[in-house]
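What follows is target.txt (compact mmCIF, C-alpha atoms).
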# COMPACT_ATOMS: atom_id res chain seq x y z
CA MET H 1 17.73 3.90 3.33
CA ARG H 2 13.94 3.99 3.75
CA THR H 3 12.18 3.05 6.98
CA PHE H 4 9.28 0.61 7.22
CA SER H 5 6.86 3.54 7.49
CA SER H 6 7.96 4.95 4.12
CA ILE H 7 7.47 1.53 2.57
CA VAL H 8 3.97 1.29 3.94
CA ILE H 9 3.17 4.84 2.81
CA ALA H 10 4.40 4.09 -0.71
CA ILE H 11 2.45 0.83 -0.82
CA VAL H 12 -0.69 2.47 0.55
CA THR H 13 -0.35 5.25 -2.02
CA LEU H 14 0.05 2.61 -4.70
CA ALA H 15 -2.96 0.70 -3.38
CA ILE H 16 -5.16 3.78 -3.21
CA ILE H 17 -4.29 4.67 -6.77
CA ALA H 18 -4.12 1.43 -8.74
CA CYS H 19 -5.23 -2.13 -8.93
CA VAL H 20 -2.09 -4.14 -9.54
CA ARG H 21 -1.89 -7.70 -10.79
CA ALA H 22 1.19 -9.93 -10.78
CA GLN H 23 1.31 -11.37 -14.27
CA ASN H 24 4.27 -12.94 -16.07
CA GLY H 25 6.66 -11.48 -13.52
CA LYS H 26 5.36 -7.92 -14.01
CA PHE H 27 2.71 -5.67 -12.57
CA SER H 28 -0.37 -4.75 -14.49
CA TYR H 29 -3.35 -2.95 -13.09
CA VAL H 30 -7.10 -2.81 -13.33
CA VAL H 31 -9.10 -0.05 -11.68
CA HIS H 32 -12.75 -0.78 -10.87
CA SER H 33 -13.52 2.92 -10.54
CA ALA H 34 -11.33 5.90 -9.72
CA PRO H 35 -13.10 9.24 -10.04
CA ALA H 36 -10.32 11.00 -8.10
CA ILE H 37 -7.25 9.56 -9.89
CA ASP H 38 -5.80 9.20 -13.39
CA ILE H 39 -3.09 6.53 -13.41
CA LYS H 40 -0.20 6.82 -15.87
CA ARG H 41 2.19 4.03 -14.84
CA VAL H 42 2.69 1.57 -11.97
CA ASP H 43 5.50 -0.94 -11.49
CA ILE H 44 7.29 -2.71 -8.68
CA THR H 45 10.21 -5.09 -8.98
CA PRO H 46 11.17 -7.78 -8.25
CA ILE H 47 8.13 -10.03 -8.42
CA PRO H 48 7.56 -11.90 -6.20
CA ILE H 49 8.28 -9.28 -3.57
CA LEU H 50 11.07 -10.65 -1.36
CA HIS H 51 11.47 -9.86 2.34
CA PRO H 52 13.59 -8.86 4.02
CA GLY H 53 15.04 -7.15 1.00
CA GLU H 54 14.64 -4.29 -1.42
CA ALA H 55 12.10 -3.38 -4.08
CA LEU H 56 11.85 -0.58 -6.62
CA LEU H 57 8.56 1.31 -6.88
CA THR H 58 7.49 3.42 -9.85
CA PHE H 59 4.18 5.19 -9.64
CA GLU H 60 2.97 8.01 -11.88
CA ALA H 61 -0.53 9.47 -11.60
CA ASP H 62 -2.56 12.65 -11.60
CA LEU H 63 -4.51 13.11 -8.38
CA LYS H 64 -7.74 14.96 -9.13
CA ARG H 65 -8.28 15.48 -5.39
CA PRO H 66 -5.73 15.59 -2.58
CA ILE H 67 -5.24 12.53 -0.38
CA ASN H 68 -6.14 13.54 3.17
CA THR H 69 -8.41 11.36 5.33
CA ILE H 70 -9.01 8.13 3.43
CA ALA H 71 -11.56 5.65 4.74
CA THR H 72 -10.79 2.18 3.42
CA ALA H 73 -12.59 -1.14 3.43
CA LEU H 74 -10.17 -4.02 2.81
CA LYS H 75 -11.02 -7.54 1.70
CA ILE H 76 -7.93 -9.77 1.61
CA VAL H 77 -7.67 -13.21 0.02
CA ARG H 78 -4.43 -15.13 0.39
CA THR H 79 -3.66 -18.00 -1.99
CA VAL H 80 -1.14 -20.65 -0.97
CA SER H 81 -0.52 -23.77 -3.09
CA GLY H 82 -3.62 -22.95 -5.15
CA ILE H 83 -5.92 -22.74 -2.12
CA LYS H 84 -7.72 -19.41 -1.60
CA LEU H 85 -7.95 -18.41 2.04
CA PRO H 86 -9.99 -15.30 2.94
CA VAL H 87 -8.34 -13.28 5.70
CA ASN H 88 -10.85 -12.13 8.32
CA CYS H 89 -10.71 -8.95 10.38
CA TYR H 90 -9.07 -9.76 13.70
CA LYS H 91 -7.36 -7.99 16.59
CA VAL H 92 -3.65 -8.06 17.34
CA GLU H 93 -2.44 -6.07 20.32
CA GLY H 94 -5.79 -4.24 20.32
CA LEU H 95 -5.51 -3.23 16.65
CA ASP H 96 -7.73 -4.30 13.74
CA VAL H 97 -5.72 -6.28 11.19
CA GLY H 98 -6.79 -7.91 7.94
CA SER H 99 -10.10 -7.53 6.06
CA CYS H 100 -11.47 -4.63 8.10
CA ASN H 101 -13.15 -1.26 7.64
CA TYR H 102 -10.73 1.53 8.56
CA THR H 103 -12.06 5.06 9.10
CA ASP H 104 -8.65 6.67 8.47
CA LEU H 105 -5.84 4.73 6.87
CA CYS H 106 -3.28 7.27 8.11
CA ILE H 107 -4.25 6.77 11.75
CA VAL H 108 -4.04 3.00 11.25
CA LEU H 109 -0.46 3.40 10.00
CA LYS H 110 0.44 5.77 12.82
CA THR H 111 -0.95 3.33 15.39
CA MET H 112 0.72 0.27 13.88
CA LEU H 113 4.09 1.83 13.06
CA PRO H 114 6.03 3.60 15.80
CA SER H 115 8.36 5.07 13.15
CA PHE H 116 5.42 6.82 11.42
CA LYS H 117 6.12 10.24 12.93
CA PRO H 118 7.72 13.45 11.64
CA GLU H 119 10.98 12.92 13.56
CA THR H 120 11.75 9.68 11.74
CA CYS H 121 9.99 10.31 8.42
CA PRO H 122 12.44 9.97 5.50
CA ALA H 123 13.24 13.35 3.95
CA ALA H 124 12.68 11.94 0.45
CA MET H 125 9.00 11.33 1.25
CA ALA H 126 8.42 15.11 1.54
CA ILE H 127 8.91 15.32 -2.23
CA TYR H 128 5.67 13.35 -2.56
CA GLY H 129 3.80 15.36 0.06
CA ILE H 130 4.23 12.68 2.75
CA ASP H 131 5.39 14.05 6.11
CA CYS H 132 4.30 11.18 8.43
CA ASN H 133 1.60 13.35 10.01
CA CYS H 134 -2.11 12.56 9.99
CA PRO H 135 -4.14 13.21 8.04
CA PHE H 136 -2.19 12.62 4.85
CA LYS H 137 -1.37 15.86 3.05
CA ILE H 138 -0.68 14.65 -0.48
CA PRO H 139 -1.80 17.51 -2.74
CA ALA H 140 -3.83 17.18 -5.92
CA GLY H 141 -1.69 17.18 -9.05
CA LYS H 142 1.02 14.99 -10.47
CA LEU H 143 2.51 12.29 -8.25
CA ASN H 144 5.65 10.88 -9.85
CA ILE H 145 7.51 8.30 -7.81
CA ILE H 146 10.24 6.92 -10.09
CA GLN H 147 12.31 3.86 -9.10
CA GLU H 148 12.01 4.63 -5.38
CA LYS H 149 14.07 2.09 -3.45
CA LEU H 150 12.15 0.48 -0.60
CA VAL H 151 13.82 -1.50 2.17
CA LEU H 152 11.43 -4.27 3.16
CA PRO H 153 11.51 -5.74 6.68
CA ASP H 154 10.86 -9.35 7.62
CA ALA H 155 7.05 -9.58 7.42
CA LYS H 156 7.08 -12.54 9.82
CA GLN H 157 8.09 -10.11 12.58
CA SER H 158 5.11 -7.75 12.07
CA ILE H 159 1.50 -7.86 13.29
CA ALA H 160 0.55 -8.60 9.67
CA SER H 161 2.64 -11.79 9.65
CA PHE H 162 -0.03 -13.50 7.51
CA MET H 163 1.47 -11.52 4.60
CA ALA H 164 4.87 -13.23 4.89
CA THR H 165 4.25 -15.57 1.95
CA GLY H 166 1.66 -16.27 -0.73
CA ASP H 167 -0.29 -14.66 -3.53
CA PHE H 168 -2.59 -11.88 -2.39
CA ALA H 169 -5.72 -10.29 -3.81
CA ILE H 170 -6.65 -7.20 -1.83
CA ARG H 171 -9.85 -5.33 -2.65
CA LEU H 172 -9.80 -1.69 -1.51
CA ASP H 173 -12.84 0.55 -1.49
CA THR H 174 -11.70 4.05 -0.58
CA SER H 175 -13.47 7.32 0.08
CA ASP H 176 -12.68 10.78 1.38
CA GLN H 177 -14.85 13.61 2.72
CA GLN H 178 -16.04 14.38 -0.82
CA GLY H 179 -17.18 10.81 -1.48
CA HIS H 180 -15.91 7.84 -3.47
CA TYR H 181 -12.16 8.05 -4.18
CA ALA H 182 -11.27 4.74 -5.83
CA ALA H 183 -12.18 1.05 -5.81
CA LEU H 184 -9.56 -1.46 -6.85
CA THR H 185 -8.09 -4.88 -6.29
CA VAL H 186 -4.35 -5.25 -5.74
CA ASN H 187 -2.78 -8.62 -6.64
CA PHE H 188 0.83 -9.44 -5.78
CA SER H 189 3.08 -12.26 -4.63
CA VAL H 190 5.29 -12.27 -1.56
CA LYS H 191 7.88 -14.73 -0.31
CA PRO H 192 10.66 -14.74 2.25
CA LYS H 193 14.16 -14.15 0.95
CA PRO H 194 16.03 -17.48 0.76
If you convert what's in this file into structure tokens, what do you get?
Amino acid sequence: MRTFSSIVIAIVTLAIIACVRAQNGKFSYVVHSAPAIDIKRVDITPIPILHPGEALLTFEADLKRPINTIATALKIVRTVSGIKLPVNCYKVEGLDVGSCNYTDLCIVLKTMLPSFKPETCPAAMAIYGIDCNCPFKIPAGKLNIIQEKLVLPDAKQSIASFMATGDFAIRLDTSDQQGHYAALTVNFSVKPKP
């Protein structure tokens, strides 16, 4: 059983690598630019993503550079009943949440998730170079996550409770110490489990 931190790591890895769009009940992806990554395959089921619940993640890519310190600018738009609602950057419990500029995505995860530490990091994540330490230490080369089962918590109980339901378009502009890493927009649907 995966912890919330492994879910976030897998989703962040997915977000850094691909632009995913919910379309006809499947994922498809569009990458604006990705000089550091060559994407082979991305999929997550079921769509919409249900929480609390389980999802299966498949992600295959060649990383041209390792993933270490990743600065990320997020722009989030939530659509509910056809109305697009931009999500601003705001503070919750002293932490930036939403459409913010983050200097190190790993430190953001470590700050937000108490379980993001080596003692509670799922052993299976080590296969992918994820040890719940900062900075990330995901080496360059093939990254093949095949049908990884994710246990999803109740989003309403997190500081990102705005993500509990709706259709989301998340623009990510990422960079590392060598420069531009990838720019993409992730689109997905989320709803509470009935």
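The closest residue to Ile146 (chain H), picked from H:Cys134, H:Ala164, H:Val30, H:Ile44 and counting only C-alpha atoms, is H:Ile44.
Look at Thr165 (chain H): the protein and nucleic acid residues within 9 Å of it, using all atoms listed in the file and passing over chain neighbours fewer than 2 places away, are Arg78, Val80, Ala155, Lys156, Ser161, Phe162, Met163, Asp167, Phe168, Ser189, Val190, Lys191 and Pro192 of chain H.
Residue nearest Thr58 (chain H), chosen from H:Asn133, H:Thr45, H:Thr72, H:Gln178 and counting all atoms listed in the file: H:Thr45.
With CA of Ser158 (chain H) on one side and CA of Asp173 (chain H) on the other, the separation reads 24.0 Å.
When all atoms listed in the file are used to compute distances to Pro135 (chain H), the closest of the residues H:Thr79, H:Asn101, H:Gln177, H:Gln147 turns out to be H:Gln177.
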With 10 Å as the threshold, what does the neighbourhood of (-10.9, 5.6, -12.7) contain in terms of residues, counting all atoms listed in the file? Coordinates are those of the file; answer as a list in words. Ile17, Ala18, Val30, Val31, His32, Ser33, Ala34, Pro35, Ala36, Ile37, Asp38, Ile39, Tyr181, Ala182, Ala183 and Leu184 of chain H
Would you export the selected residues with C-alpha atoms as a CSV table (one decimal), in the coordinates of the input, please?
chain,number,residue,atom,x,y,z
H,17,ILE,CA,-4.3,4.7,-6.8
H,18,ALA,CA,-4.1,1.4,-8.7
H,30,VAL,CA,-7.1,-2.8,-13.3
H,31,VAL,CA,-9.1,0.0,-11.7
H,32,HIS,CA,-12.8,-0.8,-10.9
H,33,SER,CA,-13.5,2.9,-10.5
H,34,ALA,CA,-11.3,5.9,-9.7
H,35,PRO,CA,-13.1,9.2,-10.0
H,36,ALA,CA,-10.3,11.0,-8.1
H,37,ILE,CA,-7.2,9.6,-9.9
H,38,ASP,CA,-5.8,9.2,-13.4
H,39,ILE,CA,-3.1,6.5,-13.4
H,181,TYR,CA,-12.2,8.0,-4.2
H,182,ALA,CA,-11.3,4.7,-5.8
H,183,ALA,CA,-12.2,1.0,-5.8
H,184,LEU,CA,-9.6,-1.5,-6.8
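Note that the spacing between CA of Lys142 (chain H) and CA of Asp43 (chain H) amounts to 16.6 Å.
With CA of Lys149 (chain H) on one side and CA of Pro118 (chain H) on the other, the separation reads 19.9 Å.
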Select, from H:Phe188, H:Pro52, H:Asn68, H:Cys106, the residue with the minimum atom-to-atom distance to Lys137 (chain H), counting only C-alpha atoms. H:Asn68
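The closest residue to Pro48 (chain H), picked from H:Tyr90, H:Leu95, H:Asn187, H:Cys100 and counting only C-alpha atoms, is H:Asn187.
Nearest to Ile127 (chain H) of all the residues H:Ser81, H:Ile70, H:Glu148, H:Ile107 is H:Glu148, based on all atoms listed in the file.
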Hey, could you patch up region 58-69 of chain H with all heavy atoms and hand it over as a CSV table (one decimal), in the coordinates of the input?
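Written output follows (rebuild_16.csv):
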chain,number,residue,atom,x,y,z
H,58,THR,N,7.8,2.3,-8.9
H,58,THR,CA,7.5,3.4,-9.8
H,58,THR,C,6.0,3.6,-9.9
H,58,THR,O,5.2,2.7,-10.0
H,58,THR,CB,8.0,3.1,-11.3
H,58,THR,OG1,9.4,3.0,-11.2
H,58,THR,CG2,7.6,4.2,-12.3
H,59,PHE,N,5.6,4.9,-9.7
H,59,PHE,CA,4.2,5.2,-9.6
H,59,PHE,C,4.0,6.6,-10.2
H,59,PHE,O,4.5,7.6,-9.6
H,59,PHE,CB,3.7,5.1,-8.2
H,59,PHE,CG,2.3,5.6,-8.1
H,59,PHE,CD1,1.2,4.8,-8.6
H,59,PHE,CD2,2.0,6.7,-7.5
H,59,PHE,CE1,-0.1,5.2,-8.5
H,59,PHE,CE2,0.7,7.2,-7.4
H,59,PHE,CZ,-0.3,6.4,-7.9
H,60,GLU,N,3.3,6.7,-11.3
H,60,GLU,CA,3.0,8.0,-11.9
H,60,GLU,C,1.5,8.1,-12.1
H,60,GLU,O,0.8,7.3,-12.6
H,60,GLU,CB,3.7,8.1,-13.2
H,60,GLU,CG,5.2,8.1,-13.2
H,60,GLU,CD,5.8,8.1,-14.5
H,60,GLU,OE1,5.9,9.2,-15.1
H,60,GLU,OE2,6.2,7.0,-15.0
H,61,ALA,N,0.9,9.2,-11.5
H,61,ALA,CA,-0.5,9.5,-11.6
H,61,ALA,C,-0.8,10.9,-11.4
H,61,ALA,O,0.0,11.7,-10.9
H,61,ALA,CB,-1.2,8.7,-10.5
H,62,ASP,N,-2.0,11.3,-11.9
H,62,ASP,CA,-2.6,12.6,-11.6
H,62,ASP,C,-3.7,12.5,-10.6
H,62,ASP,O,-4.6,11.7,-10.8
H,62,ASP,CB,-3.2,13.3,-12.9
H,62,ASP,CG,-2.1,13.7,-13.9
H,62,ASP,OD1,-1.0,14.0,-13.4
H,62,ASP,OD2,-2.4,13.6,-15.1
H,63,LEU,N,-3.5,13.1,-9.4
H,63,LEU,CA,-4.5,13.1,-8.4
H,63,LEU,C,-5.5,14.3,-8.6
H,63,LEU,O,-5.1,15.4,-8.7
H,63,LEU,CB,-3.9,13.3,-7.0
H,63,LEU,CG,-2.8,12.3,-6.6
H,63,LEU,CD1,-2.2,12.6,-5.2
H,63,LEU,CD2,-3.3,10.9,-6.7
H,64,LYS,N,-6.7,13.9,-8.9
H,64,LYS,CA,-7.7,15.0,-9.1
H,64,LYS,C,-8.2,15.6,-7.8
H,64,LYS,O,-8.7,16.8,-7.9
H,64,LYS,CB,-8.9,14.3,-9.8
H,64,LYS,CG,-8.6,13.8,-11.2
H,64,LYS,CD,-9.7,13.1,-11.8
H,64,LYS,CE,-9.3,12.4,-13.1
H,64,LYS,NZ,-10.4,11.5,-13.7
H,65,ARG,N,-8.0,14.9,-6.7
H,65,ARG,CA,-8.3,15.5,-5.4
H,65,ARG,C,-7.1,15.1,-4.5
H,65,ARG,O,-6.4,14.1,-4.7
H,65,ARG,CB,-9.6,14.9,-4.8
H,65,ARG,CG,-10.8,15.2,-5.6
H,65,ARG,CD,-12.1,15.0,-4.8
H,65,ARG,NE,-12.2,13.7,-4.1
H,65,ARG,CZ,-13.1,12.7,-4.5
H,65,ARG,NH1,-13.8,12.9,-5.6
H,65,ARG,NH2,-13.2,11.6,-3.8
H,66,PRO,N,-6.8,15.9,-3.5
H,66,PRO,CA,-5.7,15.6,-2.6
H,66,PRO,C,-6.1,14.3,-1.8
H,66,PRO,O,-7.2,13.9,-1.7
H,66,PRO,CB,-5.6,16.8,-1.7
H,66,PRO,CG,-6.9,17.5,-1.8
H,66,PRO,CD,-7.5,17.2,-3.1
H,67,ILE,N,-5.0,13.7,-1.3
H,67,ILE,CA,-5.2,12.5,-0.4
H,67,ILE,C,-5.1,13.1,1.0
H,67,ILE,O,-4.0,13.5,1.4
H,67,ILE,CB,-4.2,11.4,-0.7
H,67,ILE,CG1,-4.4,10.9,-2.1
H,67,ILE,CG2,-4.4,10.3,0.4
H,67,ILE,CD1,-3.4,9.8,-2.5
H,68,ASN,N,-6.2,13.1,1.8
H,68,ASN,CA,-6.1,13.5,3.2
H,68,ASN,C,-6.6,12.4,4.0
H,68,ASN,O,-5.9,11.4,4.2
H,68,ASN,CB,-7.0,14.8,3.3
H,68,ASN,CG,-6.4,16.0,2.6
H,68,ASN,OD1,-5.2,16.3,2.8
H,68,ASN,ND2,-7.1,16.6,1.7
H,69,THR,N,-7.8,12.5,4.6
H,69,THR,CA,-8.4,11.4,5.3
H,69,THR,C,-9.0,10.4,4.4
H,69,THR,O,-9.9,10.7,3.6
H,69,THR,CB,-9.5,11.9,6.3
H,69,THR,OG1,-8.8,12.8,7.2
H,69,THR,CG2,-10.1,10.7,7.1
